[in-house]
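Raw contents of my_file_11.pdb, PDB, C-alpha atoms:
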```
ATOM      1  CA  MET R   1       0.000   0.000   0.000
ATOM      2  CA  LYS R   2       1.310   3.444  -0.954
ATOM      3  CA  THR R   3       1.795   6.011   1.784
ATOM      4  CA  TRP R   4      -0.338   9.012   0.843
ATOM      5  CA  THR R   5       0.604  12.615   1.593
ATOM      6  CA  VAL R   6      -0.877  15.991   0.739
ATOM      7  CA  ILE R   7      -1.676  16.141  -2.985
ATOM      8  CA  GLU R   8       0.385  18.900  -4.579
ATOM      9  CA  SER R   9       0.345  18.177  -8.313
ATOM     10  CA  LYS R  10      -2.020  17.157 -11.056
ATOM     11  CA  ARG R  11      -0.163  13.861 -11.409
ATOM     12  CA  GLU R  12      -0.625  13.053  -7.711
ATOM     13  CA  TYR R  13      -4.273  14.056  -8.000
ATOM     14  CA  GLU R  14      -4.805  11.699 -10.943
ATOM     15  CA  GLN R  15      -3.079   8.859  -9.075
ATOM     16  CA  ALA R  16      -5.320   9.441  -6.077
ATOM     17  CA  MET R  17      -8.418   9.462  -8.282
ATOM     18  CA  GLU R  18      -7.372   6.160  -9.892
ATOM     19  CA  ARG R  19      -6.851   4.596  -6.472
ATOM     20  CA  ILE R  20     -10.227   5.901  -5.290
ATOM     21  CA  ASP R  21     -11.860   4.200  -8.286
ATOM     22  CA  GLU R  22     -10.084   0.940  -7.444
ATOM     23  CA  LEU R  23     -11.136   1.105  -3.814
ATOM     24  CA  MET R  24     -14.725   2.018  -4.674
ATOM     25  CA  ASP R  25     -14.924  -1.086  -6.846
ATOM     26  CA  LEU R  26     -13.778  -3.181  -3.870
ATOM     27  CA  ASN R  27     -16.351  -1.541  -1.568
ATOM     28  CA  PRO R  28     -14.247  -1.945   1.587
ATOM     29  CA  SER R  29     -15.773  -1.690   5.053
ATOM     30  CA  SER R  30     -15.059   1.623   6.760
ATOM     31  CA  LYS R  31     -12.923  -0.031   9.449
ATOM     32  CA  SER R  32     -10.728  -2.013   7.032
ATOM     33  CA  GLU R  33      -7.364  -0.765   5.756
ATOM     34  CA  GLY R  34      -8.931  -0.162   2.356
ATOM     35  CA  GLY R  35     -11.791   1.776   3.941
ATOM     36  CA  LYS R  36      -9.375   3.936   5.916
ATOM     37  CA  GLU R  37      -7.276   4.540   2.816
ATOM     38  CA  LEU R  38     -10.404   5.523   0.881
ATOM     39  CA  LYS R  39     -11.448   8.025   3.565
ATOM     40  CA  LEU R  40      -7.975   9.536   3.592
ATOM     41  CA  LEU R  41      -7.840   9.817  -0.190
ATOM     42  CA  LEU R  42     -11.263  11.444  -0.309
ATOM     43  CA  LEU R  43     -10.110  14.075   2.190
ATOM     44  CA  LEU R  44      -6.884  14.711   0.292
ATOM     45  CA  VAL R  45      -8.698  14.984  -3.043
ATOM     46  CA  GLU R  46     -11.350  17.291  -1.570
ATOM     47  CA  ARG R  47      -8.635  19.608  -0.233
ATOM     48  CA  TYR R  48      -6.847  19.641  -3.598
ATOM     49  CA  GLU R  49     -10.079  20.309  -5.509
ATOM     50  CA  ASP R  50     -11.118  23.104  -3.136
ATOM     51  CA  GLU R  51      -7.763  24.762  -3.716
ATOM     52  CA  HIS R  52      -7.434  24.186  -7.466
ATOM     53  CA  PHE R  53     -11.043  24.016  -8.693
ATOM     54  CA  PRO R  54     -13.015  26.403  -6.460
ATOM     55  CA  ILE R  55     -16.732  26.653  -7.080
ATOM     56  CA  GLY R  56     -18.155  30.115  -6.617
ATOM     57  CA  LEU R  57     -21.539  30.962  -5.208
ATOM     58  CA  PRO R  58     -24.475  30.976  -7.630
ATOM     59  CA  ASP R  59     -26.001  34.173  -8.960
ATOM     60  CA  PRO R  60     -28.589  35.380  -6.397
ATOM     61  CA  VAL R  61     -31.431  35.894  -8.882
ATOM     62  CA  GLU R  62     -30.827  32.472 -10.445
ATOM     63  CA  ALA R  63     -30.691  30.925  -6.964
ATOM     64  CA  ILE R  64     -34.054  32.509  -6.125
ATOM     65  CA  LYS R  65     -35.623  31.260  -9.370
ATOM     66  CA  ILE R  66     -34.283  27.733  -8.914
ATOM     67  CA  ARG R  67     -35.473  27.561  -5.316
ATOM     68  CA  MET R  68     -38.888  28.911  -6.336
ATOM     69  CA  GLU R  69     -39.149  26.140  -8.923
ATOM     70  CA  ASP R  70     -37.990  23.506  -6.410
ATOM     71  CA  MET R  71     -40.585  24.668  -3.898
ATOM     72  CA  GLY R  72     -43.381  25.159  -6.458
ATOM     73  CA  LEU R  73     -43.621  28.893  -5.753
ATOM     74  CA  THR R  74     -44.735  31.678  -8.066
ATOM     75  CA  ASN R  75     -43.882  35.382  -8.103
ATOM     76  CA  ILE R  76     -46.985  36.051  -6.003
ATOM     77  CA  ASP R  77     -45.558  33.869  -3.232
ATOM     78  CA  LEU R  78     -42.631  36.301  -2.908
ATOM     79  CA  ILE R  79     -44.751  39.401  -2.303
ATOM     80  CA  ASP R  80     -44.526  39.186   1.497
ATOM     81  CA  ALA R  81     -40.758  38.762   1.321
ATOM     82  CA  ILE R  82     -39.985  41.385  -1.333
ATOM     83  CA  GLY R  83     -42.868  43.835  -1.622
ATOM     84  CA  ASP R  84     -45.587  44.344  -4.182
ATOM     85  CA  LYS R  85     -45.999  42.399  -7.431
ATOM     86  CA  GLY R  86     -44.096  45.029  -9.433
ATOM     87  CA  THR R  87     -41.116  44.953  -7.068
ATOM     88  CA  VAL R  88     -40.968  41.141  -7.253
ATOM     89  CA  SER R  89     -40.928  41.382 -11.050
ATOM     90  CA  LYS R  90     -38.203  44.052 -11.009
ATOM     91  CA  VAL R  91     -35.994  41.948  -8.703
ATOM     92  CA  LEU R  92     -36.441  38.790 -10.777
ATOM     93  CA  ASN R  93     -35.746  40.742 -13.990
ATOM     94  CA  ARG R  94     -32.654  42.375 -12.456
ATOM     95  CA  LYS R  95     -34.075  45.888 -12.661
ATOM     96  CA  ILE R  96     -33.509  46.545  -8.933
ATOM     97  CA  SER R  97     -31.176  45.051  -6.342
ATOM     98  CA  LEU R  98     -32.204  43.198  -3.227
ATOM     99  CA  SER R  99     -32.422  45.271  -0.067
ATOM    100  CA  LEU R 100     -31.209  43.972   3.283
ATOM    101  CA  ARG R 101     -34.841  43.416   4.352
ATOM    102  CA  MET R 102     -35.523  41.421   1.173
ATOM    103  CA  ILE R 103     -32.380  39.341   1.708
ATOM    104  CA  ARG R 104     -33.415  38.493   5.270
ATOM    105  CA  ASN R 105     -36.954  37.601   4.197
ATOM    106  CA  LEU R 106     -35.904  35.561   1.156
ATOM    107  CA  SER R 107     -33.246  33.722   3.118
ATOM    108  CA  SER R 108     -35.884  32.661   5.620
ATOM    109  CA  LEU R 109     -38.605  31.891   3.077
ATOM    110  CA  LEU R 110     -36.444  30.063   0.548
ATOM    111  CA  LYS R 111     -33.925  28.598   3.018
ATOM    112  CA  LEU R 112     -31.041  30.139   1.079
ATOM    113  CA  PRO R 113     -27.820  31.200   2.817
ATOM    114  CA  PRO R 114     -27.666  35.017   3.033
ATOM    115  CA  GLU R 115     -24.182  35.043   1.451
ATOM    116  CA  ILE R 116     -25.732  33.848  -1.823
ATOM    117  CA  LEU R 117     -28.287  36.666  -1.797
ATOM    118  CA  LEU R 118     -25.733  39.319  -0.799
ATOM    119  CA  GLN R 119     -23.750  38.946  -4.024
ATOM    120  CA  GLN R 120     -24.061  41.308  -6.924
ATOM    121  CA  PRO R 121     -26.326  39.689  -9.548
ATOM    122  CA  VAL R 122     -24.818  38.886 -12.934
ATOM    123  CA  ASP R 123     -25.938  41.407 -15.525
ATOM    124  CA  LYS R 124     -27.569  39.224 -18.190
ATOM    125  CA  ALA R 125     -27.791  42.132 -20.654
ATOM    126  CA  ALA R 126     -24.007  42.383 -20.962
TER     127      ALA R 126
END
```

When written as C-alpha cells, how does the structure in this file appear?
Amino acid sequence: MKTWTVIESKREYEQAMERIDELMDLNPSSKSEGGKELKLLLLLVERYEDEHFPIGLPDPVEAIKIRMEDMGLTNIDLIDAIGDKGTVSKVLNRKISLSLRMIRNLSSLLKLPPEILLQQPVDKAA
C-alpha cells in the first residue's frame, strides 16, 4: 500500500483518483485498511479540488428562481418577502437590487444562505 501525503500536483491528484476508483470497486468496510485509505484519499482529493477548482456561489437571482421552482412557488408567493408584485418582477428581472430586508426575508422563506443573496447579480444584458 502506498503512503499518501498531501496532494500537490495534477499527477498526484490523478493517481489518487485512480486509487479511489479501485477502492470504490472493492467496496471496503469503513474499518478495514482499504476503507481507511479511501477516507484519507477522499479528504486529500477534496482539499486539492477546493484549492485548485473552487466553485463560486451561484447568482442570487438564479438561486431565487431555482429555489422557487424547487418549492413550487410563483412570483406572487414572494410578495410578502420582497414587496408588491411590481417589485418582485423588477428583482427577478434584475431591474432593482435586493435590499437587506428582502435578503433576510428571502433567506428565511427560501432557506437560502444570506451570502448567496448578498452577491451582486450577474448582468444578463451584458

Worksheet item: If we count only C-alpha atoms, what is near Glu12 (chain R) at a cut-off of 10 Å, once residues fewer than 6 positions away on the same chain are taken out, given as a PyMOL selection string?
Response: chain R and resi 4-6+18+45+48

Worksheet entry | Answer key for the PyMOL selection byres ((chain R and resi 52) around 12), residues as number ranges by chain | R: 7-10, 13, 45-51, 53-55

Worksheet entry | Explicit residue set for the PyMOL selection byres ((chain R and resi 97) around 12), as a PyMOL selection string | chain R and resi 60-61+82+87-96+98-103+117-123

Nearby residues (only C-alpha atoms) at most 10 Å from Pro28 (chain R), same-chain spacing under 6 positions excluded, as a compact mmCIF listing (two decimals) with C-alpha atoms, keeping the file's coordinate frame:
```
# COMPACT_ATOMS: atom_id res chain seq x y z
CA GLY R 34 -8.93 -0.16 2.36
CA GLY R 35 -11.79 1.78 3.94
CA LYS R 36 -9.38 3.94 5.92
CA GLU R 37 -7.28 4.54 2.82
CA LEU R 38 -10.40 5.52 0.88
```

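Coordinates place CA of Leu41 (chain R) at a distance of 10.5 Å from CA of Thr3 (chain R).
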
Worksheet entry | Atomic separation - CA of Leu110 (chain R) relative to CA of Asp77 (chain R), Å | 10.6 Å

Worksheet item: Interatomic distance between CA of Arg67 (chain R) and CA of Leu112 (chain R)?
Response: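 So the answer is 8.2 Å.
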
Need the axis-aligned box for region 20-32 of chain R with 5 Å each side, so what are the centre and edges in Å to one decimal, as lines of an AutoDock Vina configuration file?
```
center_x = -13.2
center_y = 1.4
center_z = 0.6
size_x = 16.3
size_y = 19.1
size_z = 27.7
```

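Remark: for Leu40 (chain R), the closest of the candidate residues R:Ile20, R:Glu69, R:Arg104, R:Glu62 is R:Ile20 (distances computed over only C-alpha atoms).
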